[in-house]
$ cat model.cif   # mmCIF, C-alpha atoms and all ligand atoms
data_run
loop_
_atom_site.label_atom_id
_atom_site.label_comp_id
_atom_site.auth_asym_id
_atom_site.auth_seq_id
_atom_site.Cartn_x
_atom_site.Cartn_y
_atom_site.Cartn_z
CA MET B 54 15.62 10.10 21.14
CA VAL B 55 14.28 10.95 17.72
CA ARG B 56 16.91 11.48 15.01
CA ILE B 57 17.42 15.07 13.83
CA VAL B 58 14.40 15.54 11.64
CA LEU B 59 16.26 17.08 8.73
CA SER B 60 18.11 13.82 8.31
CA GLY B 61 15.17 11.68 9.44
CA THR B 62 11.99 10.48 7.76
CA VAL B 63 8.41 11.59 8.33
CA GLY B 64 5.42 9.37 7.63
CA PHE B 65 1.87 10.67 7.28
CA ILE B 66 -0.96 8.37 8.34
CA GLY B 67 -3.87 10.06 6.62
CA ALA B 68 -3.47 11.78 3.28
CA GLY B 69 -6.26 14.36 3.31
CA ASN B 70 -6.34 18.16 3.44
CA MET B 71 -4.13 18.64 6.49
CA ALA B 72 -1.50 16.12 5.33
CA ASP B 73 -1.51 17.78 1.90
CA ALA B 74 -0.97 21.26 3.41
CA LEU B 75 1.85 20.03 5.65
CA ILE B 76 3.57 18.11 2.86
CA ARG B 77 3.32 21.14 0.55
CA GLY B 78 4.90 23.33 3.24
CA ILE B 79 7.61 20.83 4.19
CA VAL B 80 8.60 20.17 0.56
CA GLY B 81 8.19 23.82 -0.48
CA ARG B 82 10.41 25.08 2.32
CA GLY B 83 12.96 22.32 1.87
CA ILE B 84 12.58 21.14 5.46
CA LEU B 85 12.95 17.54 4.34
CA PRO B 86 13.95 15.99 1.02
CA ARG B 87 10.96 14.48 -0.81
CA GLU B 88 12.30 10.93 -0.54
CA ARG B 89 12.16 11.23 3.25
CA ILE B 90 8.43 11.83 3.29
CA TRP B 91 5.96 8.94 3.22
CA ALA B 92 2.18 8.96 3.19
CA THR B 93 -0.55 6.37 3.46
CA ASN B 94 -4.32 6.47 3.76
CA ARG B 95 -7.18 4.03 4.17
CA SER B 96 -8.57 3.45 0.68
CA ASN B 97 -8.50 6.56 -1.54
CA ARG B 98 -5.80 5.52 -4.03
CA PRO B 99 -6.23 8.49 -6.43
CA ARG B 100 -5.62 10.86 -3.50
CA LEU B 101 -2.41 9.02 -2.60
CA LEU B 102 -1.28 9.05 -6.23
CA GLY B 103 -2.02 12.79 -6.37
CA LEU B 104 0.34 13.43 -3.44
CA LYS B 105 3.04 11.35 -5.09
CA GLU B 106 2.68 13.20 -8.39
CA ARG B 107 2.43 16.69 -6.88
CA TYR B 108 5.21 16.47 -4.33
CA GLY B 109 7.37 13.50 -5.42
CA ILE B 110 7.02 11.81 -2.02
CA LEU B 111 6.80 8.08 -1.31
CA THR B 112 3.38 6.54 -0.81
CA THR B 113 2.15 3.15 0.30
CA PRO B 114 -1.35 1.68 0.50
CA VAL B 115 -0.37 -0.26 3.64
CA LYS B 116 1.19 0.91 6.89
CA PRO B 117 4.12 -1.47 7.63
CA PRO B 118 6.72 0.07 5.24
CA LEU B 119 5.84 3.58 6.43
CA LEU B 120 5.93 2.58 10.10
CA ASP B 121 9.27 0.93 9.55
CA ALA B 122 10.86 3.85 7.67
CA SER B 123 9.62 6.79 9.75
CA ASP B 124 11.27 8.58 12.65
CA VAL B 125 8.23 10.81 13.02
CA LEU B 126 4.65 9.68 12.40
CA ILE B 127 2.12 12.42 11.78
CA VAL B 128 -1.37 11.06 12.31
CA ALA B 129 -3.70 13.24 10.23
CA VAL B 130 -7.01 11.37 10.32
CA LYS B 131 -10.43 12.54 11.48
CA PRO B 132 -10.94 12.17 15.24
CA LYS B 133 -13.55 9.45 14.66
CA ASP B 134 -10.94 7.35 12.81
CA MET B 135 -8.32 7.67 15.55
CA PRO B 136 -9.33 4.51 17.50
CA GLU B 137 -9.04 2.45 14.30
CA VAL B 138 -5.60 3.88 13.51
CA LEU B 139 -4.37 3.38 17.08
CA ALA B 140 -5.54 -0.24 16.97
CA GLU B 141 -3.70 -0.72 13.66
CA ILE B 142 -0.38 0.78 14.77
CA HIS B 143 -0.45 -0.36 18.40
CA GLY B 144 2.57 -2.61 19.01
CA ALA B 145 4.26 -1.54 15.77
CA VAL B 146 5.31 1.97 16.85
CA ARG B 147 8.66 2.08 18.61
CA VAL B 148 9.67 4.24 21.58
CA ASP B 149 12.45 5.78 19.45
CA GLN B 150 9.78 7.21 17.13
CA LEU B 151 7.73 10.34 17.69
CA VAL B 152 3.99 10.41 17.07
CA ILE B 153 2.37 13.78 16.31
CA SER B 154 -1.42 13.84 16.25
CA VAL B 155 -3.36 16.62 14.54
CA ALA B 156 -6.73 15.03 15.34
CA ALA B 157 -8.78 17.83 16.89
CA GLY B 158 -10.17 16.97 20.30
CA VAL B 159 -8.28 13.71 20.80
CA PRO B 160 -6.45 14.03 24.13
CA LEU B 161 -2.85 12.93 24.61
CA LYS B 162 -3.89 10.34 27.20
CA ALA B 163 -6.07 8.54 24.62
CA ILE B 164 -3.05 8.16 22.32
CA GLU B 165 -0.52 7.45 25.06
CA GLY B 166 -2.81 4.82 26.57
CA SER B 167 -2.59 2.87 23.34
CA LEU B 168 1.07 3.55 22.43
CA ARG B 169 2.75 2.91 25.76
CA GLY B 170 6.07 4.72 26.27
CA VAL B 171 6.01 6.30 22.79
CA PRO B 172 6.62 10.07 22.77
CA VAL B 173 3.50 11.90 21.60
CA VAL B 174 2.89 15.54 20.70
CA ARG B 175 -0.60 16.89 20.04
CA ALA B 176 -0.89 19.63 17.43
CA MET B 177 -3.78 22.00 16.79
CA PRO B 178 -3.22 23.76 13.46
CA ASN B 179 -5.98 25.60 11.65
CA THR B 180 -7.42 25.61 8.17
CA SER B 181 -5.12 28.44 7.03
CA ALA B 182 -2.38 25.78 6.90
CA ALA B 183 -3.63 25.39 3.32
CA VAL B 184 -1.97 28.75 2.53
CA GLN B 185 0.92 28.28 4.96
CA ALA B 186 -0.62 30.82 7.34
CA SER B 187 -1.78 28.59 10.19
CA VAL B 188 -1.09 29.19 13.82
CA THR B 189 -0.40 25.81 15.39
CA ALA B 190 -0.49 25.09 19.11
CA LEU B 191 1.62 22.13 20.28
CA ALA B 192 1.21 20.25 23.56
CA SER B 193 3.75 17.65 24.71
CA GLY B 194 2.83 14.28 26.12
CA ARG B 195 4.49 12.57 29.09
CA SER B 196 7.35 10.96 27.17
CA ALA B 197 8.03 13.83 24.76
CA THR B 198 11.28 15.70 25.34
CA ASP B 199 12.39 19.19 24.32
CA ASP B 200 13.96 17.59 21.25
CA HIS B 201 10.61 16.12 20.22
CA LEU B 202 8.99 19.49 20.67
CA ARG B 203 11.73 21.18 18.64
CA VAL B 204 11.27 18.69 15.80
CA SER B 205 7.48 19.17 15.91
CA THR B 206 7.94 22.95 15.88
CA GLU B 207 10.20 22.78 12.82
CA LEU B 208 7.67 20.64 10.96
CA PHE B 209 4.67 22.84 11.72
CA ARG B 210 6.61 26.02 10.92
CA ALA B 211 6.21 24.76 7.36
CA VAL B 212 2.59 25.90 7.55
CA GLY B 213 2.85 29.02 9.71
CA GLU B 214 3.44 30.15 13.28
CA VAL B 215 3.93 27.64 16.09
CA LEU B 216 3.30 28.05 19.83
CA THR B 217 3.67 25.61 22.69
CA VAL B 218 0.90 25.32 25.25
CA PRO B 219 -0.01 23.02 28.15
CA GLU B 220 -2.64 20.51 27.07
CA ASP B 221 -5.18 21.69 29.64
CA ILE B 222 -5.78 24.89 27.64
CA MET B 223 -6.08 23.11 24.27
CA ASP B 224 -9.90 23.34 24.31
CA VAL B 225 -9.73 27.14 24.53
CA VAL B 226 -7.01 27.22 21.87
CA THR B 227 -9.26 25.10 19.65
CA ALA B 228 -12.17 27.48 20.28
CA LEU B 229 -10.06 30.54 19.46
CA SER B 230 -7.63 29.69 16.66
CA GLY B 231 -9.11 26.38 15.44
CA SER B 232 -12.62 27.77 15.01
CA GLY B 233 -11.43 31.37 14.69
CA PRO B 234 -11.17 31.48 10.88
CA ALA B 235 -14.92 30.72 10.71
CA TYR B 236 -15.74 33.66 13.00
CA VAL B 237 -13.69 35.92 10.73
CA TYR B 238 -15.41 34.53 7.61
CA ARG B 239 -18.79 35.15 9.24
CA PHE B 240 -17.81 38.74 10.01
CA ILE B 241 -16.72 39.26 6.40
CA GLU B 242 -20.01 37.76 5.15
CA ALA B 243 -21.90 40.22 7.35
CA LEU B 244 -19.81 43.15 6.04
CA ILE B 245 -20.48 42.11 2.45
CA ALA B 246 -24.20 41.69 3.13
CA ALA B 247 -24.35 45.14 4.77
CA GLY B 248 -22.51 46.79 1.84
CA THR B 249 -24.73 45.04 -0.70
CA GLU B 250 -27.94 46.01 1.10
CA MET B 251 -26.75 49.61 1.10
CA GLY B 252 -26.22 49.75 -2.63
CA LEU B 253 -22.80 48.28 -3.45
CA THR B 254 -22.52 45.46 -5.96
CA GLU B 255 -21.63 42.16 -4.31
CA HIS B 256 -18.33 42.11 -6.19
CA LEU B 257 -17.34 45.55 -4.94
CA ALA B 258 -18.48 44.84 -1.37
CA LYS B 259 -16.43 41.64 -1.38
CA GLN B 260 -13.32 43.37 -2.72
CA LEU B 261 -13.61 46.10 -0.10
CA ALA B 262 -14.28 43.69 2.79
CA VAL B 263 -11.56 41.17 1.92
CA HIS B 264 -8.86 43.76 1.30
CA THR B 265 -9.82 45.57 4.48
CA LEU B 266 -9.27 42.30 6.35
CA ILE B 267 -5.92 41.65 4.63
CA GLY B 268 -4.76 45.20 5.35
CA ALA B 269 -5.81 45.09 9.00
CA ALA B 270 -4.15 41.67 9.41
CA ARG B 271 -0.93 43.07 7.93
CA MET B 272 -1.04 46.07 10.27
CA LEU B 273 -1.51 43.66 13.17
CA SER B 274 1.46 41.56 12.11
CA GLU B 275 3.88 44.50 12.30
CA PRO B 276 6.28 44.15 15.27
CA ASP B 277 4.74 45.53 18.50
CA ALA B 278 1.35 46.08 16.82
CA ASP B 279 -1.45 46.50 19.33
CA SER B 280 -5.07 46.17 18.24
CA VAL B 281 -6.32 48.63 20.88
CA GLU B 282 -3.88 51.31 19.72
CA LEU B 283 -4.57 50.63 16.03
CA ARG B 284 -8.31 50.93 16.66
CA ARG B 285 -7.83 54.13 18.65
CA ARG B 286 -5.90 55.66 15.74
CA VAL B 287 -8.76 55.02 13.27
CA THR B 288 -11.45 56.21 15.64
CA SER B 289 -11.73 60.00 15.68
CA PRO B 290 -14.13 61.26 18.35
CA GLY B 291 -17.53 61.91 16.77
CA GLY B 292 -16.41 60.36 13.48
CA THR B 293 -17.76 57.58 11.27
CA THR B 294 -15.75 54.74 12.83
CA GLN B 295 -16.89 55.68 16.30
CA ALA B 296 -20.52 55.64 15.12
CA GLY B 297 -20.01 52.16 13.65
CA LEU B 298 -18.18 50.76 16.69
CA THR B 299 -20.86 52.13 19.02
CA ALA B 300 -23.53 50.27 17.03
CA LEU B 301 -21.49 47.06 17.29
CA GLU B 302 -21.09 47.40 21.05
CA GLU B 303 -24.76 48.38 21.57
CA ARG B 304 -25.61 45.03 19.98
CA GLY B 305 -23.18 43.13 22.22
CA PHE B 306 -20.36 42.49 19.75
CA ALA B 307 -17.64 41.70 22.32
CA SER B 308 -19.95 39.60 24.47
CA ALA B 309 -21.15 37.67 21.42
CA VAL B 310 -17.53 36.86 20.53
CA LYS B 311 -16.80 35.86 24.11
CA GLU B 312 -19.82 33.56 24.14
CA ALA B 313 -18.77 32.05 20.81
CA VAL B 314 -15.33 31.15 22.21
CA ARG B 315 -16.85 29.89 25.47
CA ARG B 316 -19.34 27.61 23.72
CA ALA B 317 -16.78 26.32 21.25
CA ALA B 318 -14.41 25.52 24.14
CA GLU B 319 -17.23 23.76 25.97
CA ARG B 320 -17.94 21.68 22.87
CA ALA B 321 -14.21 20.92 22.47
CA ALA B 322 -14.14 19.65 26.06
CA GLU B 323 -17.19 17.44 25.41
CA LEU B 324 -15.57 16.01 22.28
CA ALA B 325 -12.29 15.40 24.15
CA GLU B 326 -14.27 13.51 26.78
CA GLU B 327 -15.94 11.38 24.09
CA ASN B 328 -12.53 10.69 22.50
CA SER B 329 -10.83 9.74 25.80
N1 LIG B 401 -8.20 20.49 7.59
C1 LIG B 401 -7.94 21.41 8.51
O1 LIG B 401 -7.87 22.60 8.24
C2 LIG B 401 -7.67 21.00 9.94
C3 LIG B 401 -7.41 21.97 10.92
C4 LIG B 401 -7.10 21.55 12.24
C5 LIG B 401 -7.08 20.20 12.55
N2 LIG B 401 -7.37 19.28 11.58
C6 LIG B 401 -7.38 17.87 11.94
O2 LIG B 401 -6.63 17.14 10.99
C7 LIG B 401 -7.19 15.84 10.88
C8 LIG B 401 -7.30 15.50 9.40
O3 LIG B 401 -8.20 16.43 8.80
P1 LIG B 401 -8.34 16.53 7.22
O4 LIG B 401 -9.11 17.76 6.95
O5 LIG B 401 -7.01 16.33 6.59
O6 LIG B 401 -9.26 15.23 6.95
P2 LIG B 401 -9.50 14.48 5.56
O7 LIG B 401 -9.19 15.38 4.41
O8 LIG B 401 -10.84 13.83 5.66
O9 LIG B 401 -8.38 13.32 5.58
C9 LIG B 401 -8.43 12.26 6.47
C10 LIG B 401 -7.46 11.20 6.00
O10 LIG B 401 -7.44 10.14 6.96
C11 LIG B 401 -7.35 8.92 6.25
N3 LIG B 401 -7.70 7.79 7.10
C12 LIG B 401 -8.87 7.54 7.73
N4 LIG B 401 -8.77 6.37 8.40
C13 LIG B 401 -7.53 5.88 8.18
C14 LIG B 401 -6.85 4.72 8.56
N5 LIG B 401 -7.42 3.79 9.36
N6 LIG B 401 -5.58 4.54 8.14
C15 LIG B 401 -4.98 5.45 7.34
N7 LIG B 401 -5.58 6.58 6.93
C16 LIG B 401 -6.84 6.79 7.35
C17 LIG B 401 -8.28 9.14 5.09
O11 LIG B 401 -8.05 8.15 4.10
P3 LIG B 401 -9.21 7.79 2.98
O12 LIG B 401 -9.46 9.06 2.25
O13 LIG B 401 -8.56 6.73 2.18
O14 LIG B 401 -10.39 7.33 3.80
C18 LIG B 401 -7.83 10.54 4.66
O15 LIG B 401 -6.67 10.47 3.87
C19 LIG B 401 -8.54 15.86 11.59
O16 LIG B 401 -8.45 15.13 12.80
C20 LIG B 401 -8.80 17.30 11.89
O17 LIG B 401 -9.40 17.45 13.15
C21 LIG B 401 -7.66 19.64 10.29
#
$ encode --input "model.cif" --output "structure tokens"
Amino acid sequence: MVRIVLSGTVGFIGAGNMADALIRGIVGRGILPRERIWATNRSNRPRLLGLKERYGILTTPVKPPLLDASDVLIVAVKPKDMPEVLAEIHGAVRVDQLVISVAAGVPLKAIEGSLRGVPVVRAMPNTSAAVQASVTALASGRSATDDHLRVSTELFRAVGEVLTVPEDIMDVVTALSGSGPAYVYRFIEALIAAGTEMGLTEHLAKQLAVHTLIGAARMLSEPDADSVELRRRVTSPGGTTQAGLTALEERGFASAVKEAVRRAAERAAELAEENS
């Protein structure tokens, strides 16, 4: 069983954007002392040095010291680099360690097939981890226990909310919350473009659109908030909001969103197949 993470050591294989966000959250929230966090990457030494200077963690250009020291290994490399990493760490990872993969679209079986008997958890955070506002879905592998899941949950809480899901719905999760920020950005772009075309300056349209999004998101994060009820409250019969919503629905807004999630999930499934 993995040691209690607060007294254990976490090693990051991959020192890019996601590792940076997680390390910032873990150090910032005091989840682990800095000297119990290691990171390594493939070749970008300035990036590794940057992590060391910013967060005071331990870094190494080679994997053996990190593999040796870590109770939990967080593999934060691009999906295409996963086979290389698995080949490098195969045989060196112990069954008393926990491996957490954040590689989007890499199924548990691909990792477990290479690291026999090692507990594995697959994590799907999103890009808002950079501001500690991710929602991360976790799926447990065959050898992962409740303790492993608890440790993984504590680590990913450093960058936002954490939910546990069965792996067979991970493609839909990826399509919704992984790709979701981009749908929201696209909606905001469209709002800004509409405001600008109708006479607002771009600066003003952006301020209005972004703060509308932040306000609506805060309303939605109140306990028991319900989007249907919130929408009903802003929509007076015959009023401006109703006119706007009707135009959205006449142009298939909800079905466009549904199709976006469906196609993204389909693509996630194809990628998972390629990465198996
Ligand atoms: N960024 C996000 O918001 C986000 C959201 C959800 C999921 N993810 C997932 O998180 C993973 C990492 O994404 P990222 O944005 O952090 O990527 P990134 O910024 O490109 O970082 C990738 C890191 O992997 C390292 N690496 C590659 N091959 C390696 C090897 N053989 N050994 C050790 N390190 C190796 C790279 O090192 P060098 O620089 O030295 O090559 C780099 O530090 C991806 O699988 C992605 O799907 C990211």
$ closest_residue --input "model.cif" --among "B:Ser193, B:Ser123, B:Ser274, B:Ser181" --to "ligand LIG 401 (chain B)" --atoms "only C-alpha atoms and all ligand atoms"
B:Ser181
$ residues_around --input "model.cif" --residues "Ile84 in chain B" --least-positions-apart "2" --cutoff "10 Å" --atoms "all atoms listed in the file" --output "PyMOL selection string"
chain B and resi 58-60+76+78-82+86-87+207-208+210-211
$ residues_near_ligand --input "model.cif" --ligand "ligand LIG 401 (chain B)" --cutoff "6 Å" --atoms "only C-alpha atoms and all ligand atoms" --output "PyMOL selection string"
chain B and resi 66-72+93-97+129-132+134+137-138+155-157+177-180
$ write_last_selection --input "model.cif" --atoms "C-alpha atoms" --output "compact mmCIF listing (two decimals), in the frame of the given file"
# COMPACT_ATOMS: atom_id res chain seq x y z
CA ILE B 66 -0.96 8.37 8.34
CA GLY B 67 -3.87 10.06 6.62
CA ALA B 68 -3.47 11.78 3.28
CA GLY B 69 -6.26 14.36 3.31
CA ASN B 70 -6.34 18.16 3.44
CA MET B 71 -4.13 18.64 6.49
CA ALA B 72 -1.50 16.12 5.33
CA THR B 93 -0.55 6.37 3.46
CA ASN B 94 -4.32 6.47 3.76
CA ARG B 95 -7.18 4.03 4.17
CA SER B 96 -8.57 3.45 0.68
CA ASN B 97 -8.50 6.56 -1.54
CA ALA B 129 -3.70 13.24 10.23
CA VAL B 130 -7.01 11.37 10.32
CA LYS B 131 -10.43 12.54 11.48
CA PRO B 132 -10.94 12.17 15.24
CA ASP B 134 -10.94 7.35 12.81
CA GLU B 137 -9.04 2.45 14.30
CA VAL B 138 -5.60 3.88 13.51
CA VAL B 155 -3.36 16.62 14.54
CA ALA B 156 -6.73 15.03 15.34
CA ALA B 157 -8.78 17.83 16.89
CA MET B 177 -3.78 22.00 16.79
CA PRO B 178 -3.22 23.76 13.46
CA ASN B 179 -5.98 25.60 11.65
CA THR B 180 -7.42 25.61 8.17
$ closest_residue --input "model.cif" --among "B:Val171, B:Ala313, B:Ile241, B:Glu275" --to "Gln260 in chain B" --atoms "all atoms listed in the file"
B:Ile241
$ closest_residue --input "model.cif" --among "B:Leu257, B:Thr112, B:Ser187, B:Asp73" --to "Glu88 in chain B" --atoms "all atoms listed in the file"
B:Thr112
$ closest_residue --input "model.cif" --among "B:Arg77, B:Lys116, B:Arg107, B:Arg315" --to "Thr227 in chain B" --atoms "all atoms listed in the file"
B:Arg315
$ closest_residue --input "model.cif" --among "B:Ser196, B:Thr217, B:Ser167, B:Thr254" --to "Met135 in chain B" --atoms "only C-alpha atoms"
B:Ser167
$ residues_near_point --input "model.cif" --point "(3.4, 11.9, 5.8)" --cutoff "6 Å" --atoms "all atoms listed in the file" --output "number ranges by chain"
B: 63-65, 90-92
$ residues_around --input "model.cif" --residues "range 243-246 of chain B" --least-positions-apart "3" --cutoff "10 Å" --atoms "only C-alpha atoms" --output "JSON, numbers by chain"
{"B": [237, 238, 239, 240, 249, 250, 251, 253, 254, 255, 256, 257, 258, 259, 260, 261, 262, 263]}
$ residues_near_point --input "model.cif" --point "(2.8, 28.9, 10.9)" --cutoff "6 Å" --atoms "all atoms listed in the file" --output "list of chain:residue names"
B:Ala186, B:Ser187, B:Val188, B:Arg210, B:Val212, B:Gly213, B:Glu214, B:Val215
$ atom_distance --input "model.cif" --atom1 "CA of Gly166 in chain B" --atom2 "CA of Ser232 in chain B"
27.5 Å
$ closest_residue --input "model.cif" --among "B:Ile110, B:Leu126, B:Ala182, B:Val226" --to "Ala322 in chain B" --atoms "all atoms listed in the file"
B:Val226
$ atom_distance --input "model.cif" --atom1 "CA of Glu165 in chain B" --atom2 "CA of Gly194 in chain B"
7.7 Å
$ atom_distance --input "model.cif" --atom1 "CA of Leu216 in chain B" --atom2 "CA of Thr189 in chain B"
6.2 Å
$ axis_aligned_box --input "model.cif" --around "range 86-102 of chain B" --padding-each-side "6 Å" --output "AutoDock Vina command-line options"
--center_x 2.7 --center_y 9.7 --center_z -1.1 --size_x 34.5 --size_y 24.5 --size_z 22.6
$ residues_around --input "model.cif" --residues "Val159 in chain B" --least-positions-apart "4" --cutoff "10 Å" --atoms "only C-alpha atoms" --output "VMD selection string"
chain B and resid 131 to 133 135 to 136 154 to 155 163 to 164 175 321 to 322 324 to 329
$ write_last_selection --input "model.cif" --atoms "C-alpha atoms" --output "mmCIF file, keeping the file's coordinate frame"
data_model
loop_
_atom_site.group_PDB
_atom_site.id
_atom_site.type_symbol
_atom_site.label_atom_id
_atom_site.label_comp_id
_atom_site.auth_asym_id
_atom_site.auth_seq_id
_atom_site.Cartn_x
_atom_site.Cartn_y
_atom_site.Cartn_z
ATOM 1 C CA LYS B 131 -10.430 12.540 11.480
ATOM 2 C CA PRO B 132 -10.940 12.170 15.240
ATOM 3 C CA LYS B 133 -13.550 9.450 14.660
ATOM 4 C CA MET B 135 -8.320 7.670 15.550
ATOM 5 C CA PRO B 136 -9.330 4.510 17.500
ATOM 6 C CA SER B 154 -1.420 13.840 16.250
ATOM 7 C CA VAL B 155 -3.360 16.620 14.540
ATOM 8 C CA ALA B 163 -6.070 8.540 24.620
ATOM 9 C CA ILE B 164 -3.050 8.160 22.320
ATOM 10 C CA ARG B 175 -0.600 16.890 20.040
ATOM 11 C CA ALA B 321 -14.210 20.920 22.470
ATOM 12 C CA ALA B 322 -14.140 19.650 26.060
ATOM 13 C CA LEU B 324 -15.570 16.010 22.280
ATOM 14 C CA ALA B 325 -12.290 15.400 24.150
ATOM 15 C CA GLU B 326 -14.270 13.510 26.780
ATOM 16 C CA GLU B 327 -15.940 11.380 24.090
ATOM 17 C CA ASN B 328 -12.530 10.690 22.500
ATOM 18 C CA SER B 329 -10.830 9.740 25.800
#
$ residues_around --input "model.cif" --residues "Arg147 in chain B" --least-positions-apart "5" --cutoff "12 Å" --atoms "all atoms listed in the file" --output "ChimeraX atom specification"
/B:54-55,120-126,142,152,168-173
